[in-house]
Amino acid sequence: MLDLIKAGGWLMLPIMACSLAATTIIVERLVALRRVRVLPERLVAILRRWVEQGIVSQRDLEPLPLDSPLGRIVAAGLASRGRGREILRERVEDTGRHVVHELERFLNALGTIAAISPLLGLLGTVSGMIKIFQIVSVQGNSNFSLLSVGIAEALVTTAAGLTVAIPSLLFYRYFHARVDELVVRMEQETLQLIEVLDAGPSAAERPS
């Protein structure tokens, strides 16, 4: 492995940096975009119970799990309860935009890595070919050991760039689809929440 890195020349350094950055982003996003973290089952169950009952149950408020993207939207809605439907919707939508931005964190960087890695490999190919032509112009094409240096740099950097770019592009597409799916689910839950919060007082506030 070390020999291959040396054969690829100095362009292997930025390619390896892209590989490390892409791996870090992929692992972090795999953890951050888990459904159980974004849409906690207990929170979803409480919201559905509120929708079925048509009221916000006071007994669910204190233990309400709000340390999640959906929880932040619910917290914004509860904080704006009773202030009018327009204000309620505006606060929920503002919080939702911030949440979506956080879900898409680092995805642009991963897409950039997927785009520039093959270009770095192509640059290595060009650099290797230039070395080959320089050797041929000075010593002819009879010394294969010297020509192999440029050939190795051209091939190794191209392979390394594609090796980084292909999984980066696959995960970039996957994460975008994952975010879209989670956003749709959150929109469904929050629209129902707005209807319940705007419908009237909570269970604890209703006269018996």
# chains A, B, ... in the order shown; residues from 1 in each chain; ligands from 1

$ select_by_dssp --residues "stretch 57-203 of chain A" --states "alpha helix (DSSP H)" --output "PDB file with C-alpha atoms, in the first residue's frame"
ATOM      1  CA  PRO A  69     -34.956  17.446  15.058  1.00  0.00           C
ATOM      2  CA  LEU A  70     -38.687  16.693  15.252  1.00  0.00           C
ATOM      3  CA  GLY A  71     -38.634  17.551  18.962  1.00  0.00           C
ATOM      4  CA  ARG A  72     -37.278  21.024  18.202  1.00  0.00           C
ATOM      5  CA  ILE A  73     -40.169  21.657  15.820  1.00  0.00           C
ATOM      6  CA  VAL A  74     -42.677  20.416  18.399  1.00  0.00           C
ATOM      7  CA  ALA A  75     -41.084  22.651  21.054  1.00  0.00           C
ATOM      8  CA  ALA A  76     -41.410  25.684  18.742  1.00  0.00           C
ATOM      9  CA  GLY A  77     -45.071  24.853  18.173  1.00  0.00           C
ATOM     10  CA  LEU A  78     -45.816  24.436  21.868  1.00  0.00           C
ATOM     11  CA  ALA A  79     -44.045  27.721  22.665  1.00  0.00           C
ATOM     12  CA  ARG A  85     -52.441  30.206  13.555  1.00  0.00           C
ATOM     13  CA  GLU A  86     -50.235  32.437  11.373  1.00  0.00           C
ATOM     14  CA  ILE A  87     -47.645  32.997  14.108  1.00  0.00           C
ATOM     15  CA  LEU A  88     -47.772  29.319  15.031  1.00  0.00           C
ATOM     16  CA  ARG A  89     -47.199  28.220  11.443  1.00  0.00           C
ATOM     17  CA  GLU A  90     -44.450  30.804  10.930  1.00  0.00           C
ATOM     18  CA  ARG A  91     -42.523  29.694  14.032  1.00  0.00           C
ATOM     19  CA  VAL A  92     -42.861  26.025  13.131  1.00  0.00           C
ATOM     20  CA  GLU A  93     -41.749  26.631   9.535  1.00  0.00           C
ATOM     21  CA  ASP A  94     -38.773  28.754  10.651  1.00  0.00           C
ATOM     22  CA  THR A  95     -37.636  26.040  13.026  1.00  0.00           C
ATOM     23  CA  GLY A  96     -38.237  23.447  10.323  1.00  0.00           C
ATOM     24  CA  ARG A  97     -35.928  25.271   7.915  1.00  0.00           C
ATOM     25  CA  HIS A  98     -33.154  25.296  10.525  1.00  0.00           C
ATOM     26  CA  VAL A  99     -33.709  21.600  11.188  1.00  0.00           C
ATOM     27  CA  VAL A 100     -33.548  20.732   7.476  1.00  0.00           C
ATOM     28  CA  HIS A 101     -30.335  22.745   7.171  1.00  0.00           C
ATOM     29  CA  GLU A 102     -28.814  20.687   9.988  1.00  0.00           C
ATOM     30  CA  LEU A 103     -29.937  17.440   8.371  1.00  0.00           C
ATOM     31  CA  LEU A 107     -23.605  16.962   2.257  1.00  0.00           C
ATOM     32  CA  ASN A 108     -22.288  19.736   0.014  1.00  0.00           C
ATOM     33  CA  ALA A 109     -18.771  18.918   1.189  1.00  0.00           C
ATOM     34  CA  LEU A 110     -19.320  15.238   0.363  1.00  0.00           C
ATOM     35  CA  GLY A 111     -20.632  16.183  -3.080  1.00  0.00           C
ATOM     36  CA  THR A 112     -17.591  18.377  -3.660  1.00  0.00           C
ATOM     37  CA  ILE A 113     -15.281  15.513  -2.716  1.00  0.00           C
ATOM     38  CA  ALA A 114     -17.119  13.239  -5.151  1.00  0.00           C
ATOM     39  CA  ALA A 115     -16.606  15.848  -7.885  1.00  0.00           C
ATOM     40  CA  ILE A 116     -12.961  16.789  -7.336  1.00  0.00           C
ATOM     41  CA  SER A 117     -11.504  13.340  -6.542  1.00  0.00           C
ATOM     42  CA  PRO A 118     -11.603  12.087 -10.159  1.00  0.00           C
ATOM     43  CA  LEU A 119     -10.264  15.471 -11.286  1.00  0.00           C
ATOM     44  CA  LEU A 120      -7.304  15.032  -8.947  1.00  0.00           C
ATOM     45  CA  GLY A 121      -6.822  11.581 -10.446  1.00  0.00           C
ATOM     46  CA  LEU A 122      -6.959  13.070 -13.931  1.00  0.00           C
ATOM     47  CA  LEU A 123      -4.394  15.672 -12.917  1.00  0.00           C
ATOM     48  CA  GLY A 124      -2.169  12.816 -11.739  1.00  0.00           C
ATOM     49  CA  THR A 125      -2.623  11.152 -15.118  1.00  0.00           C
ATOM     50  CA  VAL A 126      -1.563  14.322 -16.916  1.00  0.00           C
ATOM     51  CA  SER A 127       1.399  14.746 -14.570  1.00  0.00           C
ATOM     52  CA  GLY A 128       2.494  11.164 -15.192  1.00  0.00           C
ATOM     53  CA  MET A 129       2.209  11.568 -18.966  1.00  0.00           C
ATOM     54  CA  ILE A 130       4.282  14.744 -18.825  1.00  0.00           C
ATOM     55  CA  LYS A 131       7.004  12.828 -16.968  1.00  0.00           C
ATOM     56  CA  ILE A 132       6.903  10.093 -19.614  1.00  0.00           C
ATOM     57  CA  PHE A 133       7.321  12.591 -22.461  1.00  0.00           C
ATOM     58  CA  GLN A 134      10.161  14.330 -20.630  1.00  0.00           C
ATOM     59  CA  ILE A 135      11.982  11.015 -20.174  1.00  0.00           C
ATOM     60  CA  VAL A 136      11.401  10.024 -23.796  1.00  0.00           C
ATOM     61  CA  SER A 137      12.641  13.399 -25.062  1.00  0.00           C
ATOM     62  CA  VAL A 138      15.862  13.145 -23.037  1.00  0.00           C
ATOM     63  CA  GLN A 139      16.705   9.425 -22.953  1.00  0.00           C
ATOM     64  CA  PHE A 144      11.446   1.161 -19.326  1.00  0.00           C
ATOM     65  CA  SER A 145      12.344   1.473 -15.617  1.00  0.00           C
ATOM     66  CA  LEU A 146      12.272   5.263 -15.912  1.00  0.00           C
ATOM     67  CA  LEU A 147       9.135   5.253 -18.055  1.00  0.00           C
ATOM     68  CA  SER A 148       7.385   3.079 -15.476  1.00  0.00           C
ATOM     69  CA  VAL A 149       7.620   5.922 -12.936  1.00  0.00           C
ATOM     70  CA  GLY A 150       5.403   8.169 -15.014  1.00  0.00           C
ATOM     71  CA  ILE A 151       3.097   5.300 -15.988  1.00  0.00           C
ATOM     72  CA  ALA A 152       2.651   4.310 -12.341  1.00  0.00           C
ATOM     73  CA  GLU A 153       1.836   7.872 -11.309  1.00  0.00           C
ATOM     74  CA  ALA A 154      -0.729   8.173 -14.090  1.00  0.00           C
ATOM     75  CA  LEU A 155      -2.485   4.906 -13.290  1.00  0.00           C
ATOM     76  CA  VAL A 156      -2.312   4.972  -9.491  1.00  0.00           C
ATOM     77  CA  THR A 157      -3.672   8.511  -9.102  1.00  0.00           C
ATOM     78  CA  THR A 158      -6.506   7.796 -11.543  1.00  0.00           C
ATOM     79  CA  ALA A 159      -7.476   4.627  -9.673  1.00  0.00           C
ATOM     80  CA  ALA A 160      -7.203   6.357  -6.293  1.00  0.00           C
ATOM     81  CA  GLY A 161      -9.338   9.302  -7.409  1.00  0.00           C
ATOM     82  CA  LEU A 162     -12.082   7.007  -8.702  1.00  0.00           C
ATOM     83  CA  THR A 163     -11.900   4.863  -5.567  1.00  0.00           C
ATOM     84  CA  VAL A 164     -12.696   7.934  -3.466  1.00  0.00           C
ATOM     85  CA  ALA A 165     -15.222   9.477  -5.853  1.00  0.00           C
ATOM     86  CA  ILE A 166     -17.484   6.477  -6.471  1.00  0.00           C
ATOM     87  CA  PRO A 167     -18.506   5.714  -2.852  1.00  0.00           C
ATOM     88  CA  SER A 168     -18.638   9.437  -2.070  1.00  0.00           C
ATOM     89  CA  LEU A 169     -21.134   9.998  -4.897  1.00  0.00           C
ATOM     90  CA  LEU A 170     -23.202   6.962  -3.889  1.00  0.00           C
ATOM     91  CA  PHE A 171     -23.491   8.126  -0.274  1.00  0.00           C
ATOM     92  CA  TYR A 172     -24.125  11.718  -1.367  1.00  0.00           C
ATOM     93  CA  ARG A 173     -27.145  10.563  -3.377  1.00  0.00           C
ATOM     94  CA  TYR A 174     -28.274   8.226  -0.594  1.00  0.00           C
ATOM     95  CA  PHE A 175     -28.094  10.926   2.084  1.00  0.00           C
ATOM     96  CA  HIS A 176     -30.033  13.400  -0.061  1.00  0.00           C
ATOM     97  CA  ALA A 177     -32.785  10.831  -0.580  1.00  0.00           C
ATOM     98  CA  ARG A 178     -32.714  10.037   3.138  1.00  0.00           C
ATOM     99  CA  VAL A 179     -33.091  13.698   4.091  1.00  0.00           C
ATOM    100  CA  ASP A 180     -35.976  14.130   1.647  1.00  0.00           C
ATOM    101  CA  GLU A 181     -37.750  11.138   3.184  1.00  0.00           C
ATOM    102  CA  LEU A 182     -37.244  12.398   6.739  1.00  0.00           C
ATOM    103  CA  VAL A 183     -38.379  15.915   5.817  1.00  0.00           C
ATOM    104  CA  VAL A 184     -41.616  14.578   4.324  1.00  0.00           C
ATOM    105  CA  ARG A 185     -42.289  12.601   7.494  1.00  0.00           C
ATOM    106  CA  MET A 186     -41.591  15.641   9.684  1.00  0.00           C
ATOM    107  CA  GLU A 187     -43.867  17.806   7.545  1.00  0.00           C
ATOM    108  CA  GLN A 188     -46.690  15.311   7.961  1.00  0.00           C
ATOM    109  CA  GLU A 189     -46.260  15.242  11.728  1.00  0.00           C
ATOM    110  CA  THR A 190     -45.920  19.026  12.109  1.00  0.00           C
ATOM    111  CA  LEU A 191     -48.944  19.816   9.925  1.00  0.00           C
ATOM    112  CA  GLN A 192     -51.049  17.606  12.164  1.00  0.00           C
ATOM    113  CA  LEU A 193     -49.475  19.239  15.220  1.00  0.00           C
ATOM    114  CA  ILE A 194     -50.429  22.713  13.954  1.00  0.00           C
ATOM    115  CA  GLU A 195     -54.018  21.594  13.499  1.00  0.00           C
ATOM    116  CA  VAL A 196     -54.173  20.284  17.082  1.00  0.00           C
ATOM    117  CA  LEU A 197     -52.436  23.308  18.644  1.00  0.00           C
ATOM    118  CA  ASP A 198     -54.630  25.734  16.746  1.00  0.00           C
ATOM    119  CA  ALA A 199     -57.831  23.825  17.466  1.00  0.00           C
TER     120      ALA A 199
END

$ atom_distance --atom1 "atom CA of A:Glu52" --atom2 "atom CA of A:Leu64"
17.4 Å

$ atom_distance --atom1 "atom CA of A:Ser68" --atom2 "atom CA of A:Arg35"
10.4 Å
